[in-house]
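Undergrad: Have a look at this one.
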Amino acid sequence: MLTLLTSMYLVVRAVSSQAEPIRVVVTGAAGQIAYSLLYSIAKGDVFGKDQPIILILLDIPPMLPVLDGVVMELQDCALPLLREVIPTDKVEVGFKDIDAAILVGSMPRKEGMERKDLLKANVAIFKTQGAALDKYAKKTVKVLVVGNPANTNCLIASKSAPSIPKENFSCLTRLDHNRACSQVAMRCGVSSDNVKNVIIWGNHSSTQYPDVHHAKVNVRGSEMAAYDAVKDEAWLRGDFISTVQQRGAAVIKARKLSSAMSAAKAICDHMRDIWFGTKEGEFISMGVYAAGNSYGIPEDLIYSFPIQIKNKTWKMVDGLPINDFSRAKMDATAAELVEERDTALDFLSQ
């Protein structure tokens with residue numbers, strides 16, 4: 001009997017390992033975030049240990065020689081799940097029949113650049129990429145926008161891809177979420193997997209609101225509210241929030257480069273949860289389309305909410321009580337997103 005079961009298991013393993021490859025595109029693929037990200041995707045950390053992958057690396061024409069080097073390194077990793085690597089500067093190649101799109105590339109803010117100039121440059125990029133997704137990608141494609149300003153870039157991409165459901169678009173606030181978990185964990189002297197249900201509300205910017213009013217911390221086997229575990233309300237309402245809000249700037253100041261390793265890890269966490277779902281009783285943070293939310297946030301925005309995922313479909317966690325302190329911070333980050341959206345939509349219509 002055992003031998004029969006073992007044989008059946010091996011047959012199932014063999015069949016599953018011969019699954020059709022999925023096509024995954026990463027934009028800005030010659031950049032430093034992608035350099036930290038591609039290995040994890042290719043070795044099965046994101047889409048599963050039995051899921052073959054075709055990786056499409058999309059970047060601008062001047063970066064093609066660099067992409068050739070990235071392709072060589074991926075080949076030299078000798079990863080069994082990586083069936084093909086396709087470097088390209090053409091959206092019709094990059095977005096053809098893809099299952100997942102990770103849009104890392106965007107126009108970075110340069111010295112002396114006004115915020116509206118940054119928005120204008122990125123509207124052009126994400127309008128083009130959204131239209132290409134609409135024309136060439138599978139309608140089931142899951143799109144994660146990482147390039148900043150991520151929320152508004154995600155909104156523009158979605159509006160430029162009307163045939164793809166808005167629910168298929170999300171932006172990365174998982175890095176902020178992980179930062180918040182880590183800060184609470186360090187404060188409580190526990191590992192970060194003992195902290196759950198922190199929330200990042202709003203924009204992936206310095207107005208974001210890291211909220212631990214609903215978070216739980218497991219301290220020596222006993223689960224308690226984060227406020228009870230930390231025992232320092234002044235810190236949770238002050239330095240904790242500003243540390244998470246300003247963490248990206250702090251990394252740049254120290255490294256002279258923006259977050260890459262931690263951003264790549266957050267991208268992996270985000271996409272893995274989309275593919276395989278969130279743990280029972282837990283929620284994570286994602287920037288998603290705000291329509292139908294129960295928190296009074298304007299609907300035509302990509303806004304970060306507490307999210308649960310099952311069968312590759314996300315839903316907001318509704319009905320969490322919101323106090324006046326949280327309300328003010330949630331509204332402030334929404335106001336910034338409304339202003340960004342209105343500016344971006346003006347450029348989109350030009």
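Chain labels follow the order of the structure tokens: the first chain is A, the next B, and so on; residue numbering restarts at 1 in every chain, and ligands are counted from 1 in their shown order.
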Can I get the residues of region 61-157 of chain A within 7 Å of region 17-35 of chain A, each with the closest pair of atoms and their distance in Å to one decimal, using only C-alpha atoms, sorted chain first then ascending number, as JSON lines?
TA:
```
{"residue": "A:Met63", "atom": "CA", "partner": "A:Ala30", "partner_atom": "CA", "distance": 6.4}
{"residue": "A:Val66", "atom": "CA", "partner": "A:Ala30", "partner_atom": "CA", "distance": 6.1}
{"residue": "A:Leu67", "atom": "CA", "partner": "A:Ala30", "partner_atom": "CA", "distance": 5.4}
{"residue": "A:Gly94", "atom": "CA", "partner": "A:Val25", "partner_atom": "CA", "distance": 6.3}
{"residue": "A:Phe95", "atom": "CA", "partner": "A:Val25", "partner_atom": "CA", "distance": 6.9}
{"residue": "A:Ile98", "atom": "CA", "partner": "A:Arg23", "partner_atom": "CA", "distance": 4.8}
{"residue": "A:Asp99", "atom": "CA", "partner": "A:Arg23", "partner_atom": "CA", "distance": 5.4}
{"residue": "A:Ala100", "atom": "CA", "partner": "A:Val24", "partner_atom": "CA", "distance": 4.8}
{"residue": "A:Ala101", "atom": "CA", "partner": "A:Val25", "partner_atom": "CA", "distance": 4.9}
{"residue": "A:Ile102", "atom": "CA", "partner": "A:Val26", "partner_atom": "CA", "distance": 4.9}
{"residue": "A:Leu103", "atom": "CA", "partner": "A:Thr27", "partner_atom": "CA", "distance": 5.0}
{"residue": "A:Val104", "atom": "CA", "partner": "A:Thr27", "partner_atom": "CA", "distance": 5.3}
{"residue": "A:Gly105", "atom": "CA", "partner": "A:Gly28", "partner_atom": "CA", "distance": 3.8}
```
Undergrad: Go ahead and save the picked residues with N, CA and C atoms, as a PDB file, in the first residue's frame.
TA:
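Contents of selection_14.pdb, freshly written:
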```pdb
ATOM      1  N   MET A  63      19.814  50.398 -22.052  1.00  0.00           N
ATOM      2  CA  MET A  63      20.127  49.410 -21.013  1.00  0.00           C
ATOM      3  C   MET A  63      20.253  47.989 -21.569  1.00  0.00           C
ATOM      4  N   VAL A  66      23.426  46.026 -20.683  1.00  0.00           N
ATOM      5  CA  VAL A  66      23.399  45.593 -19.287  1.00  0.00           C
ATOM      6  C   VAL A  66      22.498  44.366 -19.131  1.00  0.00           C
ATOM      7  N   LEU A  67      21.347  44.401 -19.817  1.00  0.00           N
ATOM      8  CA  LEU A  67      20.423  43.254 -19.767  1.00  0.00           C
ATOM      9  C   LEU A  67      21.099  41.980 -20.256  1.00  0.00           C
ATOM     10  N   GLY A  94       7.557  42.364 -24.673  1.00  0.00           N
ATOM     11  CA  GLY A  94       7.560  42.291 -23.215  1.00  0.00           C
ATOM     12  C   GLY A  94       6.239  41.863 -22.605  1.00  0.00           C
ATOM     13  N   PHE A  95       5.119  42.301 -23.200  1.00  0.00           N
ATOM     14  CA  PHE A  95       3.811  42.052 -22.591  1.00  0.00           C
ATOM     15  C   PHE A  95       3.001  40.956 -23.287  1.00  0.00           C
ATOM     16  N   ILE A  98       1.430  37.531 -21.190  1.00  0.00           N
ATOM     17  CA  ILE A  98       2.029  37.366 -19.862  1.00  0.00           C
ATOM     18  C   ILE A  98       0.975  37.039 -18.802  1.00  0.00           C
ATOM     19  N   ASP A  99       1.439  36.305 -17.782  1.00  0.00           N
ATOM     20  CA  ASP A  99       0.602  35.936 -16.635  1.00  0.00           C
ATOM     21  C   ASP A  99       0.787  36.896 -15.475  1.00  0.00           C
ATOM     22  N   ALA A 100       1.979  37.484 -15.369  1.00  0.00           N
ATOM     23  CA  ALA A 100       2.275  38.413 -14.274  1.00  0.00           C
ATOM     24  C   ALA A 100       3.207  39.504 -14.781  1.00  0.00           C
ATOM     25  N   ALA A 101       2.927  40.734 -14.353  1.00  0.00           N
ATOM     26  CA  ALA A 101       3.757  41.881 -14.736  1.00  0.00           C
ATOM     27  C   ALA A 101       4.197  42.607 -13.473  1.00  0.00           C
ATOM     28  N   ILE A 102       5.495  42.775 -13.326  1.00  0.00           N
ATOM     29  CA  ILE A 102       6.049  43.512 -12.194  1.00  0.00           C
ATOM     30  C   ILE A 102       6.718  44.762 -12.760  1.00  0.00           C
ATOM     31  N   LEU A 103       6.041  45.890 -12.592  1.00  0.00           N
ATOM     32  CA  LEU A 103       6.458  47.133 -13.254  1.00  0.00           C
ATOM     33  C   LEU A 103       7.328  47.941 -12.292  1.00  0.00           C
ATOM     34  N   VAL A 104       8.625  47.662 -12.364  1.00  0.00           N
ATOM     35  CA  VAL A 104       9.596  48.300 -11.464  1.00  0.00           C
ATOM     36  C   VAL A 104      10.111  49.608 -12.051  1.00  0.00           C
ATOM     37  N   GLY A 105      10.249  49.641 -13.361  1.00  0.00           N
ATOM     38  CA  GLY A 105      10.840  50.801 -14.026  1.00  0.00           C
ATOM     39  C   GLY A 105       9.933  52.018 -13.981  1.00  0.00           C
TER      40      GLY A 105
END
```
Undergrad: Neighbouring residues of Ala226 (chain A) were defined as those with any atom within 8 Å, considering only C-alpha atoms; residues of the same chain fewer than 4 positions away were excluded. Please report them as JSON, numbers by chain.
TA: {"A": [184, 212, 213, 214, 215, 216, 217, 230]}
Undergrad: Taking the backbone alone, and naming residues the way the document does, which bits of region 54-279 of chain A are alpha helix (DSSP H) by DSSP, as a VMD selection string?
TA: chain A and resid 64 to 76 91 to 94 115 to 136 150 to 159 174 to 188 226 to 230 233 to 237 239 to 255 261 to 276
Undergrad: Counting only C-alpha atoms, what is within 8 Å of His270 (chain A), bar same-chain residues fewer than 5 positions away, as a list in words?
TA: Leu172, Arg174 and Met286 of chain A
Undergrad: Can I get the selection written as an mmCIF file, in the first residue's frame, with N, CA and C atoms?
TA:
```
data_model
loop_
_atom_site.group_PDB
_atom_site.id
_atom_site.type_symbol
_atom_site.label_atom_id
_atom_site.label_comp_id
_atom_site.auth_asym_id
_atom_site.auth_seq_id
_atom_site.Cartn_x
_atom_site.Cartn_y
_atom_site.Cartn_z
ATOM 1 N N LEU A 172 2.761 48.411 -4.753
ATOM 2 C CA LEU A 172 3.542 47.878 -3.642
ATOM 3 C C LEU A 172 3.513 48.809 -2.433
ATOM 4 N N ARG A 174 3.888 46.743 0.437
ATOM 5 C CA ARG A 174 4.350 45.658 1.307
ATOM 6 C C ARG A 174 5.707 45.990 1.940
ATOM 7 N N MET A 286 -1.807 46.264 0.688
ATOM 8 C CA MET A 286 -1.622 46.395 -0.758
ATOM 9 C C MET A 286 -2.340 47.641 -1.232
#
```
Undergrad: Kindly assemble as CSV a list of the region 214-292 of chain A residues that lie within 9 Å of region 133-145 of chain A, each paired with its nearest atom pair and their distance in Å to one decimal, using only C-alpha atoms, sorted first by chain and then by ascending residue number.
TA:
```
residue,atom,partner,partner_atom,distance
A:Ile267,CA,A:Leu144,CA,8.3
A:His270,CA,A:Leu144,CA,8.5
A:Met271,CA,A:Leu144,CA,7.8
A:Ile274,CA,A:Lys142,CA,8.3
```
Undergrad: Take the residues from that selection and write them out as an mmCIF file, in the first residue's frame, keeping N, CA, C and O atoms.
TA:
```
data_model
loop_
_atom_site.group_PDB
_atom_site.id
_atom_site.type_symbol
_atom_site.label_atom_id
_atom_site.label_comp_id
_atom_site.auth_asym_id
_atom_site.auth_seq_id
_atom_site.Cartn_x
_atom_site.Cartn_y
_atom_site.Cartn_z
ATOM 1 N N ILE A 267 8.377 42.692 -2.907
ATOM 2 C CA ILE A 267 7.737 42.308 -4.176
ATOM 3 C C ILE A 267 7.434 40.804 -4.169
ATOM 4 O O ILE A 267 6.334 40.378 -4.551
ATOM 5 N N HIS A 270 4.504 40.088 -1.840
ATOM 6 C CA HIS A 270 3.253 40.568 -2.433
ATOM 7 C C HIS A 270 2.745 39.594 -3.507
ATOM 8 O O HIS A 270 1.584 39.162 -3.465
ATOM 9 N N MET A 271 3.625 39.241 -4.439
ATOM 10 C CA MET A 271 3.204 38.362 -5.545
ATOM 11 C C MET A 271 2.925 36.944 -5.058
ATOM 12 O O MET A 271 2.005 36.284 -5.546
ATOM 13 N N ILE A 274 -0.512 36.952 -3.665
ATOM 14 C CA ILE A 274 -1.520 36.949 -4.736
ATOM 15 C C ILE A 274 -1.680 35.538 -5.288
ATOM 16 O O ILE A 274 -2.791 35.056 -5.507
#
```
Undergrad: Write out as a compact mmCIF listing (two decimals) with all heavy atoms, in the first residue's frame each polymer residue whose atoms come within 10 Å of Ile284 (chain A), counting only C-alpha atoms; drop sequence neighbours fewer than 6 positions from it.
TA:
```
# COMPACT_ATOMS: atom_id res chain seq x y z
N THR A 173 2.86 48.36 -1.34
CA THR A 173 3.07 48.98 -0.04
C THR A 173 3.55 47.92 0.96
O THR A 173 3.61 48.18 2.16
CB THR A 173 1.79 49.68 0.50
OG1 THR A 173 0.72 48.73 0.56
CG2 THR A 173 1.39 50.84 -0.39
N ARG A 174 3.89 46.74 0.44
CA ARG A 174 4.35 45.66 1.31
C ARG A 174 5.71 45.99 1.94
O ARG A 174 5.99 45.54 3.06
CB ARG A 174 4.44 44.36 0.50
CG ARG A 174 4.77 43.12 1.32
CD ARG A 174 3.71 42.85 2.41
NE ARG A 174 3.89 41.54 3.01
CZ ARG A 174 3.29 40.43 2.60
NH1 ARG A 174 2.45 40.47 1.56
NH2 ARG A 174 3.50 39.29 3.20
N HIS A 177 4.80 47.90 4.89
CA HIS A 177 4.20 46.92 5.81
C HIS A 177 5.29 46.12 6.54
O HIS A 177 5.25 45.97 7.77
CB HIS A 177 3.30 45.99 4.98
CG HIS A 177 2.60 44.93 5.77
ND1 HIS A 177 1.28 45.03 6.15
CD2 HIS A 177 3.03 43.71 6.21
CE1 HIS A 177 0.94 43.93 6.81
NE2 HIS A 177 1.97 43.11 6.85
N ASN A 178 6.26 45.63 5.76
CA ASN A 178 7.35 44.85 6.38
C ASN A 178 8.19 45.72 7.32
O ASN A 178 8.64 45.25 8.37
CB ASN A 178 8.24 44.25 5.29
CG ASN A 178 7.56 43.11 4.55
OD1 ASN A 178 6.50 42.63 4.94
ND2 ASN A 178 8.17 42.66 3.45
N LYS A 196 1.62 40.44 13.39
CA LYS A 196 0.71 40.32 12.25
C LYS A 196 -0.34 41.43 12.28
O LYS A 196 -0.58 42.06 13.31
CB LYS A 196 0.01 38.95 12.25
CG LYS A 196 -0.97 38.72 13.38
CD LYS A 196 -1.61 37.34 13.28
CE LYS A 196 -2.71 37.16 14.32
NZ LYS A 196 -3.31 35.82 14.29
N ASN A 197 -0.93 41.66 11.11
CA ASN A 197 -2.07 42.57 10.95
C ASN A 197 -1.76 44.04 11.22
O ASN A 197 -2.63 44.79 11.67
CB ASN A 197 -3.28 42.10 11.78
CG ASN A 197 -3.78 40.74 11.35
OD1 ASN A 197 -3.32 40.17 10.35
ND2 ASN A 197 -4.72 40.19 12.09
N VAL A 198 -0.51 44.44 10.94
CA VAL A 198 -0.27 45.88 10.83
C VAL A 198 -0.92 46.33 9.50
O VAL A 198 -1.18 45.51 8.62
CB VAL A 198 1.23 46.24 10.85
CG1 VAL A 198 1.90 45.72 12.11
CG2 VAL A 198 1.95 45.76 9.62
N ILE A 199 -1.19 47.59 9.40
CA ILE A 199 -1.82 48.13 8.18
C ILE A 199 -1.04 49.35 7.71
O ILE A 199 -0.67 50.21 8.52
CB ILE A 199 -3.28 48.56 8.44
CG1 ILE A 199 -4.12 47.40 9.00
CG2 ILE A 199 -3.92 49.11 7.16
CD1 ILE A 199 -5.46 47.85 9.57
N ILE A 200 -0.81 49.41 6.41
CA ILE A 200 -0.36 50.65 5.78
C ILE A 200 -1.56 51.21 5.04
O ILE A 200 -2.09 50.58 4.12
CB ILE A 200 0.80 50.42 4.80
CG1 ILE A 200 1.99 49.75 5.50
CG2 ILE A 200 1.20 51.75 4.13
CD1 ILE A 200 2.63 50.55 6.61
N ASP A 269 7.03 38.86 -1.55
CA ASP A 269 5.96 38.62 -0.57
C ASP A 269 4.59 38.94 -1.19
O ASP A 269 3.63 38.17 -1.04
CB ASP A 269 6.15 39.49 0.68
CG ASP A 269 7.34 39.08 1.53
OD1 ASP A 269 7.87 37.97 1.34
OD2 ASP A 269 7.76 39.90 2.38
N HIS A 270 4.50 40.09 -1.84
CA HIS A 270 3.25 40.57 -2.43
C HIS A 270 2.75 39.59 -3.51
O HIS A 270 1.58 39.16 -3.46
CB HIS A 270 3.52 41.96 -3.03
CG HIS A 270 2.34 42.61 -3.69
ND1 HIS A 270 1.82 43.80 -3.23
CD2 HIS A 270 1.60 42.29 -4.79
CE1 HIS A 270 0.80 44.17 -4.02
NE2 HIS A 270 0.66 43.25 -4.96
N ASP A 273 1.72 36.13 -2.17
CA ASP A 273 0.40 36.16 -1.53
C ASP A 273 -0.72 36.22 -2.57
O ASP A 273 -1.78 35.62 -2.37
CB ASP A 273 0.29 37.34 -0.56
CG ASP A 273 0.99 37.07 0.76
OD1 ASP A 273 1.33 35.89 1.03
OD2 ASP A 273 1.21 38.02 1.53
N THR A 278 -3.31 34.66 1.46
CA THR A 278 -2.82 35.06 2.78
C THR A 278 -3.19 33.99 3.80
O THR A 278 -4.09 33.19 3.58
CB THR A 278 -3.41 36.41 3.19
OG1 THR A 278 -4.84 36.38 2.99
CG2 THR A 278 -2.83 37.56 2.38
N SER A 304 -3.78 52.11 -0.31
CA SER A 304 -3.38 50.91 0.44
C SER A 304 -4.36 50.63 1.57
O SER A 304 -4.65 51.50 2.40
CB SER A 304 -1.97 51.08 1.00
OG SER A 304 -1.56 49.88 1.66
N PHE A 305 -4.87 49.40 1.57
CA PHE A 305 -5.84 48.93 2.56
C PHE A 305 -5.36 47.61 3.17
O PHE A 305 -4.48 46.96 2.61
CB PHE A 305 -7.20 48.63 1.88
CG PHE A 305 -7.95 49.82 1.38
CD1 PHE A 305 -7.88 50.20 0.04
CD2 PHE A 305 -8.78 50.56 2.23
CE1 PHE A 305 -8.59 51.29 -0.44
CE2 PHE A 305 -9.50 51.65 1.75
CZ PHE A 305 -9.40 52.02 0.43
N PRO A 306 -5.99 47.19 4.28
CA PRO A 306 -5.77 45.82 4.76
C PRO A 306 -6.48 44.84 3.83
O PRO A 306 -7.66 45.03 3.50
CB PRO A 306 -6.42 45.82 6.15
CG PRO A 306 -7.42 46.93 6.13
CD PRO A 306 -6.90 47.95 5.17
N ILE A 307 -5.76 43.81 3.41
CA ILE A 307 -6.24 42.91 2.34
C ILE A 307 -6.05 41.46 2.75
O ILE A 307 -5.04 41.08 3.33
CB ILE A 307 -5.43 43.18 1.04
CG1 ILE A 307 -5.64 44.61 0.52
CG2 ILE A 307 -5.74 42.14 -0.04
CD1 ILE A 307 -7.02 44.91 0.01
N GLN A 308 -7.05 40.65 2.41
CA GLN A 308 -6.94 39.20 2.46
C GLN A 308 -7.09 38.65 1.05
O GLN A 308 -7.83 39.22 0.23
CB GLN A 308 -8.01 38.59 3.39
CG GLN A 308 -7.78 38.94 4.85
CD GLN A 308 -8.87 38.44 5.76
OE1 GLN A 308 -10.04 38.46 5.42
NE2 GLN A 308 -8.50 38.00 6.96
N ILE A 309 -6.38 37.55 0.76
CA ILE A 309 -6.37 37.00 -0.60
C ILE A 309 -6.66 35.51 -0.55
O ILE A 309 -6.11 34.78 0.28
CB ILE A 309 -5.01 37.23 -1.29
CG1 ILE A 309 -4.63 38.71 -1.26
CG2 ILE A 309 -5.03 36.72 -2.74
CD1 ILE A 309 -3.21 39.02 -1.67
N MET A 316 -10.94 43.53 0.57
CA MET A 316 -10.59 44.41 1.69
C MET A 316 -11.13 43.83 2.99
O MET A 316 -12.19 43.20 3.00
CB MET A 316 -11.19 45.79 1.49
CG MET A 316 -10.54 46.61 0.40
SD MET A 316 -11.39 48.18 0.26
CE MET A 316 -10.97 48.58 -1.45
N VAL A 317 -10.41 44.06 4.07
CA VAL A 317 -10.92 43.74 5.40
C VAL A 317 -11.79 44.92 5.82
O VAL A 317 -11.30 46.03 6.04
CB VAL A 317 -9.76 43.52 6.40
CG1 VAL A 317 -10.30 43.25 7.80
CG2 VAL A 317 -8.88 42.37 5.93
```
Undergrad: As number ranges by chain, please: every residue in region 59-167 of chain A that DSSP puts in strand (DSSP E or B).
TA: A: 82-88, 100-103, 142-145
Undergrad: Using only C-alpha atoms, which residue out of A:Ser285, A:Asn148, A:Asn311, A:Gln51 lies closest to Trp201 (chain A)?
TA: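 The answer is A:Ser285, which sits nearest to Trp201 (chain A).
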Undergrad: I'd like to know which of A:Leu81, A:Ala185, A:Ala132, A:Ile86 is closest to Val46 (chain A), using only C-alpha atoms.
TA: A:Leu81
Undergrad: Give me, please, the distance in Å between CA of Ala180 (chain A) and CA of Ala254 (chain A), quoted to one decimal.
TA: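 Distance between the two atoms: 19.3 Å.
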Undergrad: One number please: CA of Leu82 (chain A) to CA of Asp59 (chain A), in Å, one decimal.
TA: 19.7 Å
Undergrad: Which is closer to Glu167 (chain A) than all the others in A:Lys315, A:Arg247, A:Arg327, A:Arg341, using only C-alpha atoms?
TA: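 For Glu167 (chain A), the nearest of the candidates is A:Lys315.
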